[in-house]
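**Q** Dropping in input16.pdb, with PDB, C-alpha atoms.
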```pdb
ATOM      1  CA  MET A   1     140.690  99.525-224.279
ATOM      2  CA  GLY A   2     140.226 102.918-222.699
ATOM      3  CA  ASN A   3     138.045 103.064-219.618
ATOM      4  CA  ILE A   4     136.629  99.554-219.993
ATOM      5  CA  SER A   5     136.290  97.865-216.609
ATOM      6  CA  PHE A   6     138.566  95.134-215.299
ATOM      7  CA  VAL A   7     135.962  92.389-215.813
ATOM      8  CA  LYS A   8     135.131  93.568-219.351
ATOM      9  CA  LYS A   9     138.826  93.666-220.295
ATOM     10  CA  ASN A  10     139.256  90.085-219.230
ATOM     11  CA  TYR A  11     136.130  88.990-221.073
ATOM     12  CA  ILE A  12     137.532  90.645-224.214
ATOM     13  CA  ASN A  13     140.982  89.117-223.800
ATOM     14  CA  TYR A  14     139.489  85.686-223.295
ATOM     15  CA  VAL A  15     137.176  85.749-226.321
ATOM     16  CA  ASN A  16     140.071  87.111-228.407
ATOM     17  CA  LYS A  17     142.025  83.990-227.476
ATOM     18  CA  LEU A  18     139.084  81.771-228.392
ATOM     19  CA  ILE A  19     139.239  83.258-231.868
ATOM     20  CA  ASP A  20     143.040  82.988-232.044
ATOM     21  CA  TYR A  21     143.079  79.299-231.162
ATOM     22  CA  ASN A  22     139.841  78.379-232.930
ATOM     23  CA  LYS A  23     138.403  77.165-229.618
ATOM     24  CA  VAL A  24     134.881  78.560-229.808
ATOM     25  CA  SER A  25     132.523  76.125-228.116
ATOM     26  CA  HIS A  26     128.961  75.232-229.115
ATOM     27  CA  THR A  27     127.305  76.563-225.960
ATOM     28  CA  TYR A  28     128.014  79.485-223.632
ATOM     29  CA  LEU A  29     126.194  80.825-220.605
ATOM     30  CA  ILE A  30     127.033  84.512-220.340
ATOM     31  CA  GLU A  31     126.317  86.065-216.962
ATOM     32  CA  VAL A  32     125.418  89.731-217.394
ATOM     33  CA  GLY A  33     125.183  92.505-214.864
ATOM     34  CA  ASN A  34     122.834  94.616-216.971
ATOM     35  CA  TYR A  35     121.017  93.281-220.012
ATOM     36  CA  ASP A  36     120.908  96.641-221.809
ATOM     37  CA  SER A  37     124.540  97.685-221.424
ATOM     38  CA  ASP A  38     126.145  94.227-221.540
ATOM     39  CA  TYR A  39     124.219  93.020-224.581
ATOM     40  CA  ASN A  40     126.588  94.882-226.915
ATOM     41  CA  TYR A  41     129.446  92.717-225.644
ATOM     42  CA  VAL A  42     127.401  89.645-226.534
ATOM     43  CA  LEU A  43     126.817  90.975-230.050
ATOM     44  CA  ASP A  44     130.513  91.815-230.384
ATOM     45  CA  PHE A  45     131.390  88.211-229.513
ATOM     46  CA  ILE A  46     129.054  87.086-232.292
ATOM     47  CA  LYS A  47     130.727  89.458-234.765
ATOM     48  CA  MET A  48     134.113  88.047-233.765
ATOM     49  CA  ILE A  49     132.920  84.486-234.359
ATOM     50  CA  LEU A  50     131.263  85.173-237.701
ATOM     51  CA  CYS A  51     133.987  87.434-239.088
ATOM     52  CA  ASN A  52     136.993  85.777-237.409
ATOM     53  CA  ILE A  53     138.286  89.077-236.053
ATOM     54  CA  HIS A  54     139.471  90.454-232.714
ATOM     55  CA  PHE A  55     137.303  92.666-230.558
ATOM     56  CA  GLU A  56     139.541  95.673-231.258
ATOM     57  CA  ASP A  57     139.029  95.281-235.027
ATOM     58  CA  ILE A  58     135.234  95.285-235.018
ATOM     59  CA  LYS A  59     134.718  99.036-235.446
ATOM     60  CA  GLU A  60     137.128  99.231-238.390
ATOM     61  CA  SER A  61     135.845  96.095-240.071
ATOM     62  CA  SER A  62     134.334  96.433-243.545
ATOM     63  CA  ASN A  63     132.725  93.003-243.302
ATOM     64  CA  PRO A  64     129.040  93.394-244.264
ATOM     65  CA  ILE A  65     128.053  90.959-241.505
ATOM     66  CA  VAL A  66     129.043  93.547-238.897
ATOM     67  CA  LYS A  67     126.721  96.133-240.433
ATOM     68  CA  LEU A  68     123.879  93.638-240.730
ATOM     69  CA  ILE A  69     124.194  92.685-237.045
ATOM     70  CA  ASP A  70     124.246  96.349-236.024
ATOM     71  CA  ALA A  71     121.054  96.868-238.038
ATOM     72  CA  ASN A  72     119.431  93.719-236.515
ATOM     73  CA  ASN A  73     119.169  92.292-240.025
ATOM     74  CA  TYR A  74     121.504  89.308-239.959
ATOM     75  CA  PRO A  75     119.291  86.338-240.844
ATOM     76  CA  ASP A  76     121.343  83.595-239.147
ATOM     77  CA  ILE A  77     120.935  85.021-235.633
ATOM     78  CA  LYS A  78     117.779  84.060-233.772
ATOM     79  CA  ILE A  79     116.766  85.558-230.442
ATOM     80  CA  VAL A  80     114.434  83.933-227.923
ATOM     81  CA  GLU A  81     112.970  85.923-225.030
ATOM     82  CA  PRO A  82     110.331  84.985-222.449
ATOM     83  CA  GLU A  83     106.693  85.248-223.410
ATOM     84  CA  GLY A  84     105.222  86.300-220.121
ATOM     85  CA  ASN A  85     107.068  84.841-217.152
ATOM     86  CA  PHE A  86     108.722  81.933-218.950
ATOM     87  CA  ILE A  87     110.304  80.803-222.194
ATOM     88  CA  LYS A  88     107.767  78.424-223.673
ATOM     89  CA  LYS A  89     108.278  75.025-225.233
ATOM     90  CA  SER A  90     106.604  76.208-228.437
ATOM     91  CA  GLN A  91     109.206  78.970-228.864
ATOM     92  CA  LEU A  92     112.043  76.450-228.785
ATOM     93  CA  ILE A  93     110.300  74.069-231.160
ATOM     94  CA  GLU A  94     109.976  76.980-233.577
ATOM     95  CA  LEU A  95     113.664  77.831-233.070
ATOM     96  CA  GLN A  96     114.694  74.300-233.977
ATOM     97  CA  LYS A  97     112.532  74.413-237.101
ATOM     98  CA  ASP A  98     114.263  77.640-238.146
ATOM     99  CA  PHE A  99     117.650  75.986-237.754
ATOM    100  CA  ASN A 100     116.712  73.103-240.030
ATOM    101  CA  ASN A 101     117.595  75.453-242.875
ATOM    102  CA  LYS A 102     121.165  76.042-243.986
ATOM    103  CA  SER A 103     122.968  79.299-243.314
ATOM    104  CA  LEU A 104     122.279  81.924-245.946
ATOM    105  CA  TYR A 105     125.868  83.113-245.569
ATOM    106  CA  ASP A 106     127.501  79.680-245.355
ATOM    107  CA  ASN A 107     128.649  80.591-241.861
ATOM    108  CA  LYS A 108     127.857  79.809-238.241
ATOM    109  CA  ARG A 109     124.257  80.067-237.129
ATOM    110  CA  ILE A 110     123.756  81.511-233.672
ATOM    111  CA  TYR A 111     120.815  81.652-231.322
ATOM    112  CA  ILE A 112     120.540  83.772-228.185
ATOM    113  CA  ILE A 113     118.288  82.821-225.304
ATOM    114  CA  LYS A 114     117.745  85.855-223.086
ATOM    115  CA  TYR A 115     116.780  85.228-219.455
ATOM    116  CA  ALA A 116     117.859  81.593-219.600
ATOM    117  CA  ASP A 117     116.858  81.322-215.937
ATOM    118  CA  ARG A 118     113.252  81.450-217.194
ATOM    119  CA  LEU A 119     113.516  78.133-218.967
ATOM    120  CA  ASN A 120     111.151  75.840-217.099
ATOM    121  CA  SER A 121     111.481  72.055-217.027
ATOM    122  CA  SER A 122     109.318  71.598-220.138
ATOM    123  CA  SER A 123     111.110  74.160-222.311
ATOM    124  CA  ALA A 124     114.502  73.054-220.959
ATOM    125  CA  ASN A 125     113.833  69.457-221.983
ATOM    126  CA  THR A 126     112.929  70.691-225.465
ATOM    127  CA  ILE A 127     116.258  72.462-225.914
ATOM    128  CA  LEU A 128     118.492  69.863-224.220
ATOM    129  CA  LYS A 129     119.077  67.681-227.262
ATOM    130  CA  PHE A 130     119.790  70.792-229.298
ATOM    131  CA  LEU A 131     122.469  71.659-226.738
ATOM    132  CA  GLU A 132     123.825  68.138-226.383
ATOM    133  CA  GLU A 133     124.074  67.228-230.059
ATOM    134  CA  PRO A 134     124.638  70.502-231.902
ATOM    135  CA  GLU A 135     125.489  70.652-235.543
ATOM    136  CA  ASN A 136     128.976  72.003-236.227
ATOM    137  CA  ASP A 137     127.696  75.346-237.452
ATOM    138  CA  ILE A 138     125.278  76.094-234.580
ATOM    139  CA  ILE A 139     126.285  78.095-231.487
ATOM    140  CA  ALA A 140     124.085  78.832-228.476
ATOM    141  CA  LEU A 141     124.509  81.886-226.252
ATOM    142  CA  LEU A 142     122.370  81.758-223.116
ATOM    143  CA  LEU A 143     122.128  84.941-221.069
ATOM    144  CA  THR A 144     121.288  85.298-217.390
ATOM    145  CA  ASP A 145     121.953  87.725-214.583
ATOM    146  CA  ASN A 146     122.305  84.874-212.075
ATOM    147  CA  ARG A 147     123.718  81.487-213.055
ATOM    148  CA  TYR A 148     122.363  79.920-209.858
ATOM    149  CA  HIS A 149     118.822  80.443-211.115
ATOM    150  CA  VAL A 150     119.496  78.437-214.282
ATOM    151  CA  LEU A 151     118.406  74.803-214.251
ATOM    152  CA  ASP A 152     121.238  72.365-213.531
ATOM    153  CA  THR A 153     120.515  70.390-216.687
ATOM    154  CA  ILE A 154     121.202  73.532-218.733
ATOM    155  CA  LEU A 155     124.060  74.942-216.684
ATOM    156  CA  SER A 156     126.073  71.727-216.803
ATOM    157  CA  ARG A 157     126.153  71.832-220.611
ATOM    158  CA  CYS A 158     127.502  75.379-220.897
ATOM    159  CA  GLN A 159     130.852  77.078-220.710
ATOM    160  CA  ILE A 160     130.510  80.128-218.494
ATOM    161  CA  LEU A 161     131.628  83.662-219.329
ATOM    162  CA  THR A 162     130.989  86.649-217.120
ATOM    163  CA  LEU A 163     130.309  90.311-217.743
ATOM    164  CA  LYS A 164     129.011  90.786-214.228
ATOM    165  CA  GLU A 165     130.989  93.482-212.486
ATOM    166  CA  ASP A 166     130.404  92.399-208.899
ATOM    167  CA  VAL A 167     131.784  88.862-209.394
ATOM    168  CA  PHE A 168     135.276  89.862-208.259
ATOM    169  CA  GLN A 169     134.436  92.776-206.015
ATOM    170  CA  PHE A 170     134.687  91.366-202.537
ATOM    171  CA  ASP A 171     136.052  92.349-199.172
ATOM    172  CA  ASP A 172     137.276  90.129-196.359
ATOM    173  CA  ASN A 173     140.010  88.726-198.595
ATOM    174  CA  GLU A 174     141.827  86.922-195.765
ATOM    175  CA  ASN A 175     138.757  84.919-194.752
ATOM    176  CA  ILE A 176     138.002  84.023-198.380
ATOM    177  CA  ILE A 177     141.537  82.673-198.714
ATOM    178  CA  ASN A 178     141.267  80.747-195.433
ATOM    179  CA  LEU A 179     137.973  79.210-196.511
ATOM    180  CA  LEU A 180     139.365  78.325-199.936
ATOM    181  CA  GLU A 181     142.358  76.603-198.353
ATOM    182  CA  CYS A 182     139.990  74.505-196.242
ATOM    183  CA  MET A 183     138.022  73.526-199.334
ATOM    184  CA  ILE A 184     141.262  72.247-200.834
ATOM    185  CA  LYS A 185     142.025  70.386-197.590
ATOM    186  CA  PRO A 186     138.483  69.870-196.246
ATOM    187  CA  GLN A 187     139.589  67.900-193.174
ATOM    188  CA  ASP A 188     141.107  71.159-191.903
ATOM    189  CA  PHE A 189     137.692  72.808-191.940
ATOM    190  CA  PHE A 190     136.406  70.594-189.149
ATOM    191  CA  ILE A 191     139.551  71.269-187.110
ATOM    192  CA  ARG A 192     138.788  75.018-187.379
ATOM    193  CA  TYR A 193     135.023  74.569-187.406
ATOM    194  CA  ASN A 194     134.176  76.920-184.519
ATOM    195  CA  TYR A 195     136.339  79.689-185.951
ATOM    196  CA  PHE A 196     134.605  79.597-189.334
ATOM    197  CA  ILE A 197     131.078  79.258-187.951
ATOM    198  CA  ASN A 198     131.566  82.066-185.446
ATOM    199  CA  ASN A 199     133.627  84.472-187.561
ATOM    200  CA  VAL A 200     133.424  83.785-191.310
ATOM    201  CA  ILE A 201     130.122  82.105-192.184
ATOM    202  CA  CYS A 202     127.981  83.086-189.212
ATOM    203  CA  ASP A 203     124.635  82.774-190.997
ATOM    204  CA  LYS A 204     123.019  81.562-194.194
ATOM    205  CA  ASP A 205     123.510  84.840-196.101
ATOM    206  CA  MET A 206     127.216  84.996-195.270
ATOM    207  CA  ALA A 207     127.651  81.361-196.271
ATOM    208  CA  LEU A 208     125.925  81.962-199.615
ATOM    209  CA  SER A 209     128.052  85.038-200.288
ATOM    210  CA  LYS A 210     131.400  83.441-199.400
ATOM    211  CA  PHE A 211     130.857  80.161-201.232
ATOM    212  CA  SER A 212     129.472  81.945-204.308
ATOM    213  CA  ILE A 213     132.593  84.109-204.430
ATOM    214  CA  ILE A 214     134.823  81.046-204.197
ATOM    215  CA  GLU A 215     132.909  79.218-206.927
ATOM    216  CA  ASN A 216     133.272  82.252-209.202
ATOM    217  CA  LEU A 217     136.977  82.599-208.428
ATOM    218  CA  LEU A 218     137.662  78.948-209.195
ATOM    219  CA  THR A 219     135.682  79.028-212.432
ATOM    220  CA  GLN A 220     137.383  82.149-213.674
ATOM    221  CA  TYR A 221     140.797  80.870-212.606
ATOM    222  CA  LEU A 222     140.359  77.886-214.916
ATOM    223  CA  ASN A 223     138.809  79.974-217.686
ATOM    224  CA  TYR A 224     141.458  82.657-217.763
ATOM    225  CA  TYR A 225     144.628  81.612-215.971
ATOM    226  CA  TYR A 226     145.543  78.925-218.474
ATOM    227  CA  CYS A 227     145.289  81.580-221.186
ATOM    228  CA  ASN A 228     147.931  83.620-219.314
ATOM    229  CA  ASN A 229     145.259  86.132-218.489
ATOM    230  CA  CYS A 230     144.433  85.651-214.849
ATOM    231  CA  ILE A 231     141.933  87.964-213.182
ATOM    232  CA  VAL A 232     142.193  86.376-209.754
ATOM    233  CA  ASN A 233     144.454  88.023-207.199
ATOM    234  CA  GLU A 234     148.012  86.820-206.752
ATOM    235  CA  ASP A 235     147.506  85.142-203.360
ATOM    236  CA  ILE A 236     144.719  82.958-204.721
ATOM    237  CA  VAL A 237     146.705  82.156-207.878
ATOM    238  CA  ASN A 238     149.642  81.020-205.763
ATOM    239  CA  ILE A 239     147.345  78.676-203.825
ATOM    240  CA  LEU A 240     145.600  77.240-206.870
ATOM    241  CA  LYS A 241     148.759  76.707-208.905
ATOM    242  CA  LYS A 242     149.656  73.947-206.452
ATOM    243  CA  VAL A 243     146.277  72.212-206.796
ATOM    244  CA  ASP A 244     145.478  69.561-209.369
ATOM    245  CA  GLU A 245     142.999  70.795-211.980
ATOM    246  CA  LYS A 246     140.802  67.748-211.364
ATOM    247  CA  GLN A 247     140.381  68.741-207.723
ATOM    248  CA  ILE A 248     139.488  72.307-208.668
ATOM    249  CA  LEU A 249     136.852  70.989-211.063
ATOM    250  CA  ASN A 250     135.479  68.745-208.319
ATOM    251  CA  ILE A 251     135.191  71.665-205.883
ATOM    252  CA  ILE A 252     133.369  73.698-208.534
ATOM    253  CA  SER A 253     131.022  70.794-209.211
ATOM    254  CA  VAL A 254     130.236  70.292-205.509
ATOM    255  CA  LEU A 255     129.587  74.022-205.070
ATOM    256  CA  GLU A 256     127.369  74.239-208.141
ATOM    257  CA  ASP A 257     125.340  71.254-206.967
ATOM    258  CA  ASN A 258     124.929  72.565-203.431
ATOM    259  CA  ILE A 259     124.674  76.363-203.546
ATOM    260  CA  LYS A 260     121.155  76.176-204.965
ATOM    261  CA  LEU A 261     120.135  73.904-202.098
ATOM    262  CA  LEU A 262     121.117  76.402-199.416
ATOM    263  CA  ASP A 263     117.840  78.321-199.711
ATOM    264  CA  PHE A 264     115.926  75.137-198.919
ATOM    265  CA  ASN A 265     117.979  74.177-195.858
ATOM    266  CA  VAL A 266     116.585  75.474-192.594
ATOM    267  CA  ASN A 267     119.768  74.441-190.793
ATOM    268  CA  TYR A 268     122.590  76.059-192.750
ATOM    269  CA  LYS A 269     125.211  74.478-190.466
ATOM    270  CA  LEU A 270     124.010  71.043-191.524
ATOM    271  CA  TRP A 271     124.301  72.214-195.153
ATOM    272  CA  ILE A 272     127.916  73.274-194.516
ATOM    273  CA  ASP A 273     128.712  69.951-192.828
ATOM    274  CA  ASN A 274     127.328  68.093-195.840
ATOM    275  CA  LEU A 275     129.257  70.302-198.251
ATOM    276  CA  PHE A 276     132.620  69.611-196.638
ATOM    277  CA  SER A 277     131.817  65.942-196.151
ATOM    278  CA  LYS A 278     131.286  65.683-199.922
ATOM    279  CA  LEU A 279     134.604  67.409-200.521
ATOM    280  CA  ILE A 280     136.357  64.919-198.236
ATOM    281  CA  ILE A 281     135.003  61.919-200.150
ATOM    282  CA  GLY A 282     135.725  63.590-203.491
ATOM    283  CA  GLY A 283     132.256  64.710-204.484
TER     284      GLY A 283
END
```
Render the structure in this file as structure tokens.

**A**
Amino acid sequence: MGNISFVKKNYINYVNKLIDYNKVSHTYLIEVGNYDSDYNYVLDFIKMILCNIHFEDIKESSNPIVKLIDANNYPDIKIVEPEGNFIKKSQLIELQKDFNNKSLYDNKRIYIIKYADRLNSSSANTILKFLEEPENDIIALLLTDNRYHVLDTILSRCQILTLKEDVFQFDDNENIINLLECMIKPQDFFIRYNYFINNVICDKDMALSKFSIIENLLTQYLNYYYCNNCIVNEDIVNILKKVDEKQILNIISVLEDNIKLLDFNVNYKLWIDNLFSKLIIGG
């Protein structure tokens, strides 16, 4: 894969396995670092789905679908982008009308929603049923540069992939591990409360950074580790291997539900107390 970055390699390996095991889902949220440069990886995923090929075989493929996608002429791909500041309800109604027709190529039909964080409550409600009850041949790819800005009702219905380079670039590894261990055994957090508040999560910005890193690590551990393709460091893998998958999913759920609320909490310490209290009672 040449000079492709660590995160991109793991994205490629993962989507290759989706093709191998015929496990492509109906709905993905793809977190991008840069819309212009990362969009090609989104299109390559589409080519893989439609042509049933690996990423490495795309350039050599003689399948006409590949050429049509490259020329922006494939009729069964629809793209929705914001009109003004938001994606409008009328755009999604029109999208659904378009997908009432059968595929011209007797293949999957795919729609891309760029800037999915600009779905407001009205447009989100319009697309929800489309997401919840998709036809077998329809796949949704929602793109965002920040999953935490996407409405919960949308986010909860998506499988998450990442092309965002900074997701796994973090320092202070020892404190991340210590905090993760306390999320697994949340009672221990209150025993070491003063240490964490004074040294690890001293203010709201540090709390947001640390807990966002942990949520990303847990999500990607589940996404990739069980495909024998872990991108999380060995120390964290060794910790998580001993944890029941249900508990990991619960921690992710609690973090997803609460990280967005941090901006609205004047007292971030109270927010942290509530977070760990929820972990103690199991969500």

**Q** Could you spell out the hits of the PyMOL selection byres ((chain A and resi 194-200) around 12) on the shown file, as a PyMOL selection string?

**A** chain A and resi 171-180+182+188-193+201-211+268-270+272-273

**Q** Please indicate the distance in Å from CA of Ile154 in chain A to CA of Ala124 in chain A, rounded to one decimal place.

**A** 7.1 Å

**Q** List the residues selected by the PyMOL selection byres ((chain A and resi 251) around 10) in the file shown, writing them as a PyMOL selection string.

**A** chain A and resi 180+183-184+214-215+218-219+245-250+252-257+275-276+278-279+282-283

**Q** So which residues touch Ile79 in chain A within 8 Å, counting all atoms listed in the file, skipping near sequence neighbours fewer than 2 positions away, as a list in words?

**A**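 The residues that qualify are Ile77, Glu81, Tyr111, Ile112, Ile113 and Lys114 of chain A.
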
**Q** Pull the closest atom pair for each residue of range 7-33 of chain A that gets at most 12 Å from range 129-147 of chain A, along with the distance in Å to one decimal, counting all atoms listed in the file, ordering rows by chain and then ascending residue number, as a tab-separated table.

**A**
```
residue	atom	partner	partner_atom	distance
A:Val24	CA	A:Ile139	CA	8.8
A:Ser25	CA	A:Ile139	CA	7.4
A:His26	CA	A:Ile139	CA	4.6
A:Thr27	CA	A:Ala140	CA	4.7
A:Tyr28	CA	A:Leu141	CA	5.0
A:Leu29	CA	A:Leu142	CA	4.7
A:Ile30	CA	A:Leu143	CA	5.0
A:Glu31	CA	A:Thr144	CA	5.1
A:Val32	CA	A:Asp145	CA	4.9
A:Gly33	CA	A:Asp145	CA	5.8
```

**Q** Write out the residues from the selection above, keeping C-alpha atoms, as a PDB file, keeping the file's coordinate frame.

**A**
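Written out: result37.pdb:
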```
ATOM      1  CA  VAL A  24     134.881  78.560-229.808  1.00  0.00           C
ATOM      2  CA  SER A  25     132.523  76.125-228.116  1.00  0.00           C
ATOM      3  CA  HIS A  26     128.961  75.232-229.115  1.00  0.00           C
ATOM      4  CA  THR A  27     127.305  76.563-225.960  1.00  0.00           C
ATOM      5  CA  TYR A  28     128.014  79.485-223.632  1.00  0.00           C
ATOM      6  CA  LEU A  29     126.194  80.825-220.605  1.00  0.00           C
ATOM      7  CA  ILE A  30     127.033  84.512-220.340  1.00  0.00           C
ATOM      8  CA  GLU A  31     126.317  86.065-216.962  1.00  0.00           C
ATOM      9  CA  VAL A  32     125.418  89.731-217.394  1.00  0.00           C
ATOM     10  CA  GLY A  33     125.183  92.505-214.864  1.00  0.00           C
TER      11      GLY A  33
END
```

**Q** Have a look at CA of Ile12 in chain A and CA of Leu161 in chain A and let me know their distance in Å, one decimal.

**A**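 Atom-to-atom, CA of Ile12 in chain A and CA of Leu161 in chain A are spaced 10.4 Å apart.
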
**Q** Name every residue that the PyMOL selection byres ((chain A and resi 90) around 12) selects in this structure, writing the answer as a PyMOL selection string with chains first and numbers rising.

**A** chain A and resi 80+82-83+86-89+91-97+119+122-127

**Q** Measure the distance from CA of Arg118 in chain A to CA of Asn40 in chain A in Å and round it to one decimal.

**A**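 Taking CA of Arg118 in chain A as the start and CA of Asn40 in chain A as the end point, the length is 21.3 Å.
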
**Q** Can you work out which one of A:Ile65, A:Leu151, A:Ile281, A:Ile110 has the shortest atom-to-atom distance to Leu128 in chain A, counting all atoms listed in the file?

**A**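 Of the candidates, the smallest distance to Leu128 in chain A is held by A:Leu151.
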
**Q** Out of A:Arg109, A:Lys59, A:Lys47, A:His149, which residue has the shortest atom-to-atom distance to Asp263 in chain A when counting all atoms listed in the file?

**A** A:His149

**Q** Once you add 3 Å to each side, what are the centre and edge lengths of the axis-aligned box holding all listed atoms of range 77-83 of chain A? One decimal in Å, as lines of an AutoDock Vina configuration file, if you can.

**A**
```
center_x = 113.8
center_y = 84.9
center_z = -229.0
size_x = 20.2
size_y = 8.0
size_z = 19.2
```
